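Below is one structure, written out as structure tokens, with a few remarks after it.
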Amino acid sequence: MSAATAGIDRSLPGAHRGSGGGPAIVIEGLYKSFGKLEVLRGIDLVLHQHEVVCLIGASGSGKSTLLRCVNLLEPIDAGRILVEGEEITAPKIDVNRIRRRIGIVFQAFNLFPHMSVLDNVTLGPRKALRRPRAQAEADATALLERFGLADKRRDYPDRLSGGQQQRVAIVRALAMSPDLLLLDEVTSALDPELIAEVLEVIRELAGAGMTMLIATHEMGFARDIANRVCFLDAGRILEEGTPAEIFGAPREERTRRFLQRIVEAGRL
Amino acid sequence: MTGIGGLGPPDQGELIGLGEPGRSPRSQQPSALRSTLVALVSTVVFFGLLAWIVVNAPNWPAVQESFFNGRVFALTAEPIARAFWVNVQLFLIAEVLILSFALVIAVLRSLPGPVFVPVRLLATVYVDVFRALPGVLVIYVLGFGIPGLAIAGVPVDPFFYAVLALTLIYSAYVSEVYRAGIESVHPSQEAAARSLGLSRFQALRHVILPQAIRRVIPPLLNDFIGLQKDTVLVSYIGVVEIFRQSQIKQSAYFNFTPYLATALVFLVFTIPLARFTDWLISRDRSRQTRGGFR
């Protein structure tokens, strides 16, 4: 699927929006430390509308932290992040308003265990967007239906498989009609046989034109789905390019070594 | 016997207890019956012996006359049980106030960031002070001290100060129970709620507190068992509740049996609550265990 606006599935909330031309995200000179540990050391990244960018790199290279910074779950130390031209890292910004436009899906699902699937999905629309319950539930049911989860909507998360839970978590993020979706190693906590169903959902979202920034260890998936791949190493983007460039002919020695280890582990 | 641990099929003798009961792990039934019998006999013997020692003590008749006096019991049981209604009112009103006030304190103590330092400090000082002071002292100071100031419009009813004192004392404990519950909810739950654009208050209200409160219901009930009993402490500032009433009757009849009546009332009301709490705890534990293996 090309990143062009043509052929975008308009039934997906959010995916059709923000095609005003400018980039979806601009990250400039982003620094982030936890105490003495420098996790991000000058990240520059531009994401265009309807583009899918995969972040790859070893554990601890800063992929998750970068995503959490974009969602303002972590305050940054230096640099700035613009979403659709608006600087979201400006002081005094309404973080709740920004987060409503940016969906994030976590490695460990983080569903609310005391709520049914339907309540998990409608909580954001009802409380943050102040939509009436009936409307929120109708929208949520349609989304759950679309991803094959309609029959689970009365169930509690602990009754679902890991793959189903992660799909619900994706639907929960989509229910906010986000401009942008951040996926933080969404298959890393899943049993191998459950990974495919989650990747299938993401593939469908990419096909529908959703702008996505994806941290992943699934190299085969990154190669298939990404418009661009960024290799993170020690808090910097060491190398970025098309999947063919990164996986076919990496320029940097470190990228080569990382991919070599992945191949040896049988993951590519 | 067919090998160690009865590896082969058990022979009939073992199953119906004709063989060697209690030796093989397969012969559970006879040994279970036997342990029940042993427990029963040893219990009866132990308490029988204890009763026999007490009843045959040299001064038992005098003790029986002043502590287990049937005539005094019949005369005082009714007014004492009636006075317990005051304790029930104290308990119920204080409980509602404690549940709300303690929640406010717990939430204030959980507020993050430097802006809330004064609020956190105030809440922490409150909790520390009221957990450190003996309850009776708080009841005295409030019950005698505040009306003693004789400020116009300030209530003089001891019942008012009894509720106030119990609320202040127990809210300090209960707020700590709430806080433990709030802190037991994993931070990723708040992250998930905030990532949807919910405000800090909305995340607390819809995601964190519902999970936290569910987890602390058994320890909360435990604190309320304590509160139920501590309602007698307000007798010190002149509330005529069950303990004060039994003191009055004790003086009137020059006999301690009214205290026995009081003890019975508390046993009847507190033991069921304690059993219910234990049941809730064990139910929660078995749920968690099952969840762990899923």
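Order determines the names: the first chain of the structure tokens is A, the second B, and so forth; residues in each chain are numbered 1 upward, and ligands are numbered 1 upward as they are shown.
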Residue set, range 51-261 of chain B restricted to helix (DSSP H, G or I), as a PyMOL selection string:
chain B and resi 51-55+60-67+70-110+114-132+135-148+158-184+187-195+200-237+242-253+257-261
Counting only C-alpha atoms, a student should be able to say which residues of chain A come within 10 Å of chain B; what is the right answer, written as number ranges by chain? A: 68, 71-74, 94-106, 108-115, 120-121, 123-129, 158-159, 169, 172-176, 178
I need the residues from that last selection saved to file as a compact mmCIF listing (two decimals), in the first residue's frame (with C-alpha atoms), if you can.
```txt
# COMPACT_ATOMS: atom_id res chain seq x y z
CA ARG A 68 6.43 7.47 25.49
CA ASN A 71 2.69 10.56 23.90
CA LEU A 72 3.91 12.96 26.63
CA LEU A 73 3.98 10.11 29.13
CA GLU A 74 7.60 11.08 29.76
CA ASP A 94 -2.93 20.85 27.55
CA VAL A 95 -1.47 17.33 27.67
CA ASN A 96 -4.90 15.71 27.82
CA ARG A 97 -5.96 17.36 24.56
CA ILE A 98 -2.72 16.22 22.86
CA ARG A 99 -2.99 12.64 24.11
CA ARG A 100 -6.52 12.35 22.74
CA ARG A 101 -5.03 12.77 19.24
CA ILE A 102 -2.21 10.27 19.73
CA GLY A 103 -3.03 6.64 20.41
CA ILE A 104 -0.51 4.33 22.08
CA VAL A 105 -0.58 0.55 22.47
CA PHE A 106 1.68 -1.00 25.08
CA ALA A 108 1.75 -5.50 28.19
CA PHE A 109 -1.70 -4.44 26.81
CA ASN A 110 -2.56 -2.49 30.00
CA LEU A 111 -6.26 -3.18 29.65
CA PHE A 112 -8.38 -2.18 32.64
CA PRO A 113 -9.05 -5.50 34.40
CA HIS A 114 -12.14 -4.25 36.27
CA MET A 115 -13.99 -3.29 33.09
CA ASN A 120 -12.37 -0.52 28.14
CA VAL A 121 -12.97 0.72 24.61
CA LEU A 123 -13.89 4.86 28.55
CA GLY A 124 -11.80 7.31 26.52
CA PRO A 125 -14.59 8.47 24.20
CA ARG A 126 -17.04 8.81 27.11
CA LYS A 127 -14.78 10.57 29.62
CA ALA A 128 -12.14 12.36 27.55
CA LEU A 129 -14.28 13.20 24.51
CA ASP A 158 -8.74 -11.96 31.95
CA ARG A 159 -11.08 -14.18 29.92
CA ALA A 169 -5.99 -2.57 23.32
CA ARG A 172 -9.29 1.04 22.55
CA ALA A 173 -6.66 3.37 21.06
CA LEU A 174 -8.53 3.55 17.72
CA ALA A 175 -11.80 4.46 19.44
CA MET A 176 -10.32 7.89 20.18
CA PRO A 178 -6.31 9.33 16.77
```
Notebook entry, point to check: Smallest atom-to-atom distance to Asp184 in chain A: which of A:Arg251, A:Ile56, A:Gly162, A:Arg146, using only C-alpha atoms?
Noted result: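 Among A:Arg251, A:Ile56, A:Gly162, A:Arg146, it is A:Ile56 that comes nearest to Asp184 in chain A.
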Item to complete: List every residue of range 12-231 of chain A that DSSP, applied to the backbone, labels as strand (DSSP E), and write the result as a PyMOL selection string.
Response: chain A and resi 25-34+37-47+52-56+78-83+86-87+102-105+180-184+212-215+228-231
Quick one: residues within 8 Å of Leu66 in chain A, only C-alpha atoms, excluding same-chain residues fewer than 4 positions away - as an NGL selection string? :A and (40 or 62 or 70)
Filtering to N, CA and C atoms, could you give me those residues as an mmCIF file, in the first residue's frame?
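The new file selection20.cif reads:
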```
data_model
loop_
_atom_site.group_PDB
_atom_site.id
_atom_site.type_symbol
_atom_site.label_atom_id
_atom_site.label_comp_id
_atom_site.auth_asym_id
_atom_site.auth_seq_id
_atom_site.Cartn_x
_atom_site.Cartn_y
_atom_site.Cartn_z
ATOM 1 N N LEU A 40 17.824 8.880 25.434
ATOM 2 C CA LEU A 40 17.737 9.451 24.090
ATOM 3 C C LEU A 40 18.751 10.578 23.974
ATOM 4 N N GLY A 62 16.302 2.718 23.350
ATOM 5 C CA GLY A 62 15.501 3.931 23.497
ATOM 6 C C GLY A 62 14.202 3.949 22.702
ATOM 7 N N VAL A 70 6.684 10.873 22.798
ATOM 8 C CA VAL A 70 5.762 11.429 21.805
ATOM 9 C C VAL A 70 4.345 11.497 22.389
#
```
Phe68 in chain B surroundings by only C-alpha atoms, 12 Å radius, close-in-sequence under 2 positions cut, as JSON, numbers by chain: {"B": [55, 60, 61, 62, 63, 64, 65, 66, 70, 71, 72, 73, 74, 255, 256, 257, 258, 259, 260, 261]}
Restricting the output to N, CA, C and O atoms, write the selected residues as an mmCIF file, in the first residue's frame.
```cif
data_model
loop_
_atom_site.group_PDB
_atom_site.id
_atom_site.type_symbol
_atom_site.label_atom_id
_atom_site.label_comp_id
_atom_site.auth_asym_id
_atom_site.auth_seq_id
_atom_site.Cartn_x
_atom_site.Cartn_y
_atom_site.Cartn_z
ATOM 1 N N VAL B 55 -14.426 -24.596 88.148
ATOM 2 C CA VAL B 55 -15.596 -24.830 89.012
ATOM 3 C C VAL B 55 -15.187 -25.365 90.384
ATOM 4 O O VAL B 55 -15.869 -25.130 91.381
ATOM 5 N N TRP B 60 -14.709 -20.437 93.821
ATOM 6 C CA TRP B 60 -15.649 -20.417 92.699
ATOM 7 C C TRP B 60 -17.041 -19.912 93.084
ATOM 8 O O TRP B 60 -17.608 -19.077 92.361
ATOM 9 N N PRO B 61 -17.622 -20.347 94.190
ATOM 10 C CA PRO B 61 -18.981 -19.878 94.517
ATOM 11 C C PRO B 61 -19.074 -18.352 94.579
ATOM 12 O O PRO B 61 -20.035 -17.762 94.071
ATOM 13 N N ALA B 62 -18.043 -17.694 95.135
ATOM 14 C CA ALA B 62 -18.070 -16.227 95.223
ATOM 15 C C ALA B 62 -17.977 -15.606 93.839
ATOM 16 O O ALA B 62 -18.700 -14.660 93.511
ATOM 17 N N VAL B 63 -17.078 -16.155 93.001
ATOM 18 C CA VAL B 63 -16.922 -15.639 91.634
ATOM 19 C C VAL B 63 -18.213 -15.828 90.847
ATOM 20 O O VAL B 63 -18.666 -14.936 90.124
ATOM 21 N N GLN B 64 -18.804 -17.029 91.021
ATOM 22 C CA GLN B 64 -20.046 -17.298 90.304
ATOM 23 C C GLN B 64 -21.122 -16.292 90.697
ATOM 24 O O GLN B 64 -21.850 -15.769 89.852
ATOM 25 N N GLU B 65 -21.189 -15.980 91.992
ATOM 26 C CA GLU B 65 -22.186 -15.052 92.498
ATOM 27 C C GLU B 65 -22.017 -13.651 91.885
ATOM 28 O O GLU B 65 -22.982 -12.998 91.510
ATOM 29 N N SER B 66 -20.757 -13.189 91.731
ATOM 30 C CA SER B 66 -20.585 -11.802 91.267
ATOM 31 C C SER B 66 -20.385 -11.663 89.749
ATOM 32 O O SER B 66 -20.568 -10.580 89.214
ATOM 33 N N GLY B 70 -27.352 -15.308 87.496
ATOM 34 C CA GLY B 70 -28.515 -15.403 86.608
ATOM 35 C C GLY B 70 -29.569 -14.347 86.901
ATOM 36 O O GLY B 70 -30.139 -13.762 85.974
ATOM 37 N N ARG B 71 -29.791 -14.029 88.153
ATOM 38 C CA ARG B 71 -30.833 -13.068 88.536
ATOM 39 C C ARG B 71 -30.465 -11.669 88.025
ATOM 40 O O ARG B 71 -31.251 -10.994 87.377
ATOM 41 N N VAL B 72 -29.194 -11.260 88.267
ATOM 42 C CA VAL B 72 -28.748 -9.940 87.815
ATOM 43 C C VAL B 72 -28.761 -9.877 86.284
ATOM 44 O O VAL B 72 -29.147 -8.879 85.694
ATOM 45 N N PHE B 73 -28.358 -10.983 85.670
ATOM 46 C CA PHE B 73 -28.346 -11.038 84.208
ATOM 47 C C PHE B 73 -29.743 -10.764 83.653
ATOM 48 O O PHE B 73 -29.936 -9.954 82.760
ATOM 49 N N ALA B 74 -30.741 -11.451 84.233
ATOM 50 C CA ALA B 74 -32.121 -11.291 83.768
ATOM 51 C C ALA B 74 -32.591 -9.854 83.937
ATOM 52 O O ALA B 74 -33.304 -9.306 83.090
ATOM 53 N N ASN B 255 -22.576 -5.884 91.337
ATOM 54 C CA ASN B 255 -22.363 -7.199 90.735
ATOM 55 C C ASN B 255 -21.803 -7.006 89.322
ATOM 56 O O ASN B 255 -22.206 -6.092 88.613
ATOM 57 N N PHE B 256 -20.872 -7.897 88.925
ATOM 58 C CA PHE B 256 -20.179 -7.727 87.639
ATOM 59 C C PHE B 256 -20.882 -8.415 86.464
ATOM 60 O O PHE B 256 -20.414 -8.339 85.341
ATOM 61 N N THR B 257 -21.964 -9.106 86.712
ATOM 62 C CA THR B 257 -22.653 -9.827 85.641
ATOM 63 C C THR B 257 -23.044 -8.930 84.448
ATOM 64 O O THR B 257 -23.010 -9.394 83.313
ATOM 65 N N PRO B 258 -23.397 -7.645 84.650
ATOM 66 C CA PRO B 258 -23.703 -6.790 83.492
ATOM 67 C C PRO B 258 -22.579 -6.768 82.446
ATOM 68 O O PRO B 258 -22.844 -6.672 81.248
ATOM 69 N N TYR B 259 -21.332 -6.891 82.903
ATOM 70 C CA TYR B 259 -20.218 -6.926 81.932
ATOM 71 C C TYR B 259 -20.268 -8.189 81.085
ATOM 72 O O TYR B 259 -19.880 -8.179 79.914
ATOM 73 N N LEU B 260 -20.718 -9.275 81.701
ATOM 74 C CA LEU B 260 -20.869 -10.522 80.948
ATOM 75 C C LEU B 260 -21.888 -10.333 79.832
ATOM 76 O O LEU B 260 -21.654 -10.738 78.672
ATOM 77 N N ALA B 261 -22.976 -9.642 80.171
ATOM 78 C CA ALA B 261 -24.003 -9.375 79.162
ATOM 79 C C ALA B 261 -23.406 -8.542 78.021
ATOM 80 O O ALA B 261 -23.638 -8.820 76.838
#
```
Excluding range 115-130 of chain B and any residue of its chain fewer than 2 positions from it, enumerate the residues within 12 Å of it, using only C-alpha atoms, and give them as an MDAnalysis selection string.
chainID B and resid 101:113 132:139 165:177 179
* Contact residues around Arg80 in chain A with only C-alpha atoms at 12 Å, ignoring same-chain residues under 6 positions, as a PyMOL selection string -> chain A and resi 25-32+42-46+69-70+72+86-91
Subject >> Shell of 8 Å around Leu55 in chain A, only C-alpha atoms, local chain residues under 4 positions omitted, as a PyMOL selection string >> reply: chain A and resi 63+213-216+229-232
Write the residues of the preceding selection, restricted to C-alpha atoms, as a PDB file, in the first residue's frame.
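Below you can see selection.pdb, which holds the result:
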```
ATOM      1  CA  LYS A  63      12.629   2.787  21.254  1.00  0.00           C
ATOM      2  CA  LEU A 213       5.323   4.792  14.587  1.00  0.00           C
ATOM      3  CA  ILE A 214       6.111   1.197  15.552  1.00  0.00           C
ATOM      4  CA  ALA A 215       8.786  -0.099  17.885  1.00  0.00           C
ATOM      5  CA  THR A 216       9.233  -3.766  17.060  1.00  0.00           C
ATOM      6  CA  VAL A 229      12.951   1.749   9.095  1.00  0.00           C
ATOM      7  CA  CYS A 230      15.075   3.505  11.730  1.00  0.00           C
ATOM      8  CA  PHE A 231      17.834   1.662  13.534  1.00  0.00           C
ATOM      9  CA  LEU A 232      18.278   3.026  17.060  1.00  0.00           C
TER      10      LEU A 232
END
```
